[in-house]
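Read through the structure below, which is laid out as C-alpha cells, and then see the notes.
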Amino acid sequence: MSYDLPTRLRDLRRAFHRHPEPGWREFQTTARVVDELERIGVDEIAVGRESLATDERMAVPSETELEPWLERAREAGVRSDILERTADGHTGVVAVLEQGSGPCIGLRVDLDAISMTESAADDHRPAAEGFRSEHDGYMHACGHDAHAAMGLGTIETVKHSDFTGTLKVFFQPAEEISGGGKAMAAGGYLDDVDYLLAVHLGLDHPTGEIVAGIEKPLAMAHLTATFEGASAHAGKAPNAGANAMQAAATAIQNAYAIPRHSDGMTRVNVGQIEGGTASNVIAEEVSLEAEVRGETTALMEYTRTELERVLYAAAEMHDCDVTPRVLGESPRVDSHPALRALVGDVAWEVSGVESVVPTTDFGASEDVTYLMERVQNDNGLASYVLVGSDHPTSHHTPTFDIDEESLEIGVSVLADTAIELSRRRP
C-alpha cells in the first residue's frame, strides 16, 4: 500500500462527509467519484443511467425533490457532462479495471446519506475538525462516506498490485431508501462477476475486528398508503363525510395485530402519518409510511400481503379508497460460506486486524442483497464483509462518527481478498 494512501482515504472520506446527499440525488458525490477514478486511471467508467437499469429503480424522488440538489451541484461547479448523465435521478458509478486474464471480482459500496441534522457540539469530531455536513438536515450517519472512500482506495491498491483479472466497483446510490440495489443488479455490469464483495463499517464491531461475511439480513419492504375519503363539517354533519383519518387509524392499529409466523421472525412498523386540515373537518386524505421485514424473503412477503389486506379492509370499513405502493424492497441473501472462509484467511494476514469473526447475524436490511442474489444465482459467490470501526454513538444518530484508522484496514482486507481470488478459487 502506498505511503500516502491512509491520508488520501481520510481526506476523501471527509470530503464526502462534508457534502452528504440523499438517495438518487448524489450528484456531487457521483462527480467526485468520477474525478478520482479518472485520476487513478481505470479502463471504463459507467456513470448514471449507463450503470443501472432505469426501469428497476425504486423510491425515485419527484422532479421537484430532485431539482434543488441538481442546482446545488451546478453551483458547486460539478461538470456539465456528469450532470447530464445523472439527470432525472440517475446517480451512481461502475468502475472497471482490467488487468489480464482471470476471474471477475466485484465490490459494492454505497453513496447516499440520511435525512438528519448533524451535531455541532464541540466534542463531535467532524464539527471540531471542520468537516461537518455543509448540507443542513442531511449527514453521513451510517458510514457511506467511508465506504465510498474505501471503494476508491481498493481500486488504487489493486491497480498497483499483481492482481490478474477484472475488478468492478459498484458505487451504488439510494441504499438508505432501498432504491438502488435492484437497478444496479440489473444494469448489465454484474453479469460476468464471479465473486462479489460488499462492505460496511462499524455496526458495533470495534476497530481491528473483521466479520468475514454476514448471515440473516432481514428481507424488507417500504410502503406508502394514501387513504381518500370525503370531507364534511365535523360538528354539523360528521355522518356526511368519509373519514380518511379514521381509516388510517384503524389500519395502523390492525397492522400491529398481524399474526406472527411459525416459520420465523417478522416485523411491521408504521413510522409516519400525514394528513387532514383542521380539527373541525372530517379528513379527506391521509397518507402513511410503513415497513415490513422478515427473516426470509417469503416471511417478508407474507407480512407485506397481510399489511396490504389490513389497509384495504380499513378503507372499506370507513367508506374510503386506499392506494398502497411499494417504494423499495430487498430480499434475504446470506454470504457464501466458501467466500467467507477465504475473506477470513486473508484478514488474519492484514496489519491492524486483531480478531476475525467467521459470521454473524446482520439483523437489519440491505439492498445489496439484490446484487448478491444475482451473482449467486449465476453460480458465483458473494460475501458481505463487516470492517470494525469504533464509533462514539450508534449509527443513524447526529453524533455518529468512525475511527478513520479502520479505512486502511478495510481497504487492505478488500484488496488482498481480490488479489487472492485472482490466484485461486475457494
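So you can find residues: chains in the C-alpha cells are A, B, ... in the order shown, residues in each start at 1, and ligands are numbered from 1 in order.
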
**Prompt:** Which residues come within 10 Å of Asn269 in chain A, counting only C-alpha atoms, excluding same-chain residues fewer than 6 positions away, as a VMD selection string?
**Reply:** chain A and resid 222 252 255 to 256 289 to 293 307

### Message
Please list as a ChimeraX atom specification every residue within 7 Å of Thr30 in chain A, counting only C-alpha atoms and excluding residues in the same chain fewer than 6 positions away.
### Response
/A:91-93

**OP:** Excluding Ala73 in chain A and residues on its chain fewer than 2 positions from it, collect all residues at most 12 Å away from it, counting only C-alpha atoms, and give them as a list in words.
**Re:** His19, Pro20, Glu21, Arg25, Glu26, Phe27, Gln28, Thr29, Thr30, Ala31, Arg32, Leu66, Glu67, Pro68, Trp69, Leu70, Glu71, Glu75, Ala76, Gly77, Val78, Arg79, Ser80, Ile82, Leu83, Glu84, Thr86, Ala87 and His135 of chain A

Judged by only C-alpha atoms, the minimum distance to Glu366 in chain A among A:Gly102, A:Gly229, A:Gly328, A:Gly48 is found for A:Gly328

So which residues touch Ala149 in chain A within 7 Å, counting only C-alpha atoms, skipping near sequence neighbours fewer than 4 positions away, as a CSV table (one decimal) with N, CA and C atoms, in the first residue's frame?
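What landed in selection_25.csv:
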chain,number,residue,atom,x,y,z
A,9,LEU,N,-7.3,8.4,1.9
A,9,LEU,CA,-8.5,7.8,2.4
A,9,LEU,C,-9.2,8.8,3.4
A,12,LEU,N,-10.5,11.9,1.5
A,12,LEU,CA,-11.7,11.5,0.7
A,12,LEU,C,-12.9,11.4,1.5
A,13,ARG,N,-12.8,10.6,2.6
A,13,ARG,CA,-13.9,10.4,3.5
A,13,ARG,C,-14.4,11.7,4.0
A,145,ASP,N,-19.9,7.6,3.5
A,145,ASP,CA,-18.8,8.4,3.1
A,145,ASP,C,-17.5,7.6,3.2
A,153,GLY,N,-10.1,3.5,-2.7
A,153,GLY,CA,-8.8,3.0,-2.2
A,153,GLY,C,-8.5,1.6,-2.7

Judged by only C-alpha atoms, the minimum distance to Glu405 in chain A among A:Gln272, A:Thr207, A:Ser119, A:Asn379 is found for A:Thr207

Residue contacts of Phe362 in chain A (7 Å, only C-alpha atoms) excluding same-chain residues fewer than 2 positions away, as number ranges by chain
A: 214-217, 360, 364

Go ahead and save the residues from that selection, with C-alpha atoms, as a compact mmCIF listing (two decimals), in the first residue's frame.
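Contents of the output file again26.txt:
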# COMPACT_ATOMS: atom_id res chain seq x y z
CA ILE A 214 -22.88 -11.76 7.48
CA GLU A 215 -25.92 -14.02 7.62
CA LYS A 216 -29.63 -13.39 8.05
CA PRO A 217 -30.11 -9.90 6.66
CA THR A 360 -22.75 -13.00 12.49
CA ALA A 364 -31.07 -5.34 9.61

**Prompt:** Smallest atom-to-atom distance to Ala148 in chain A: which of A:Gln172, A:Thr399, A:Ser335, A:Ser287, using only C-alpha atoms?
**Reply:**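 Distance minimum relative to Ala148 in chain A lands on A:Gln172.
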
query = Among range 98-279 of chain A, which ones does DSSP place in strand (DSSP E or B), written as a ChimeraX atom specification?
reply = /A:98-99,104-110,114-115,138-139,165-172,195-201,209-211,214-215,219-228,230,233,242,261,264,266-275
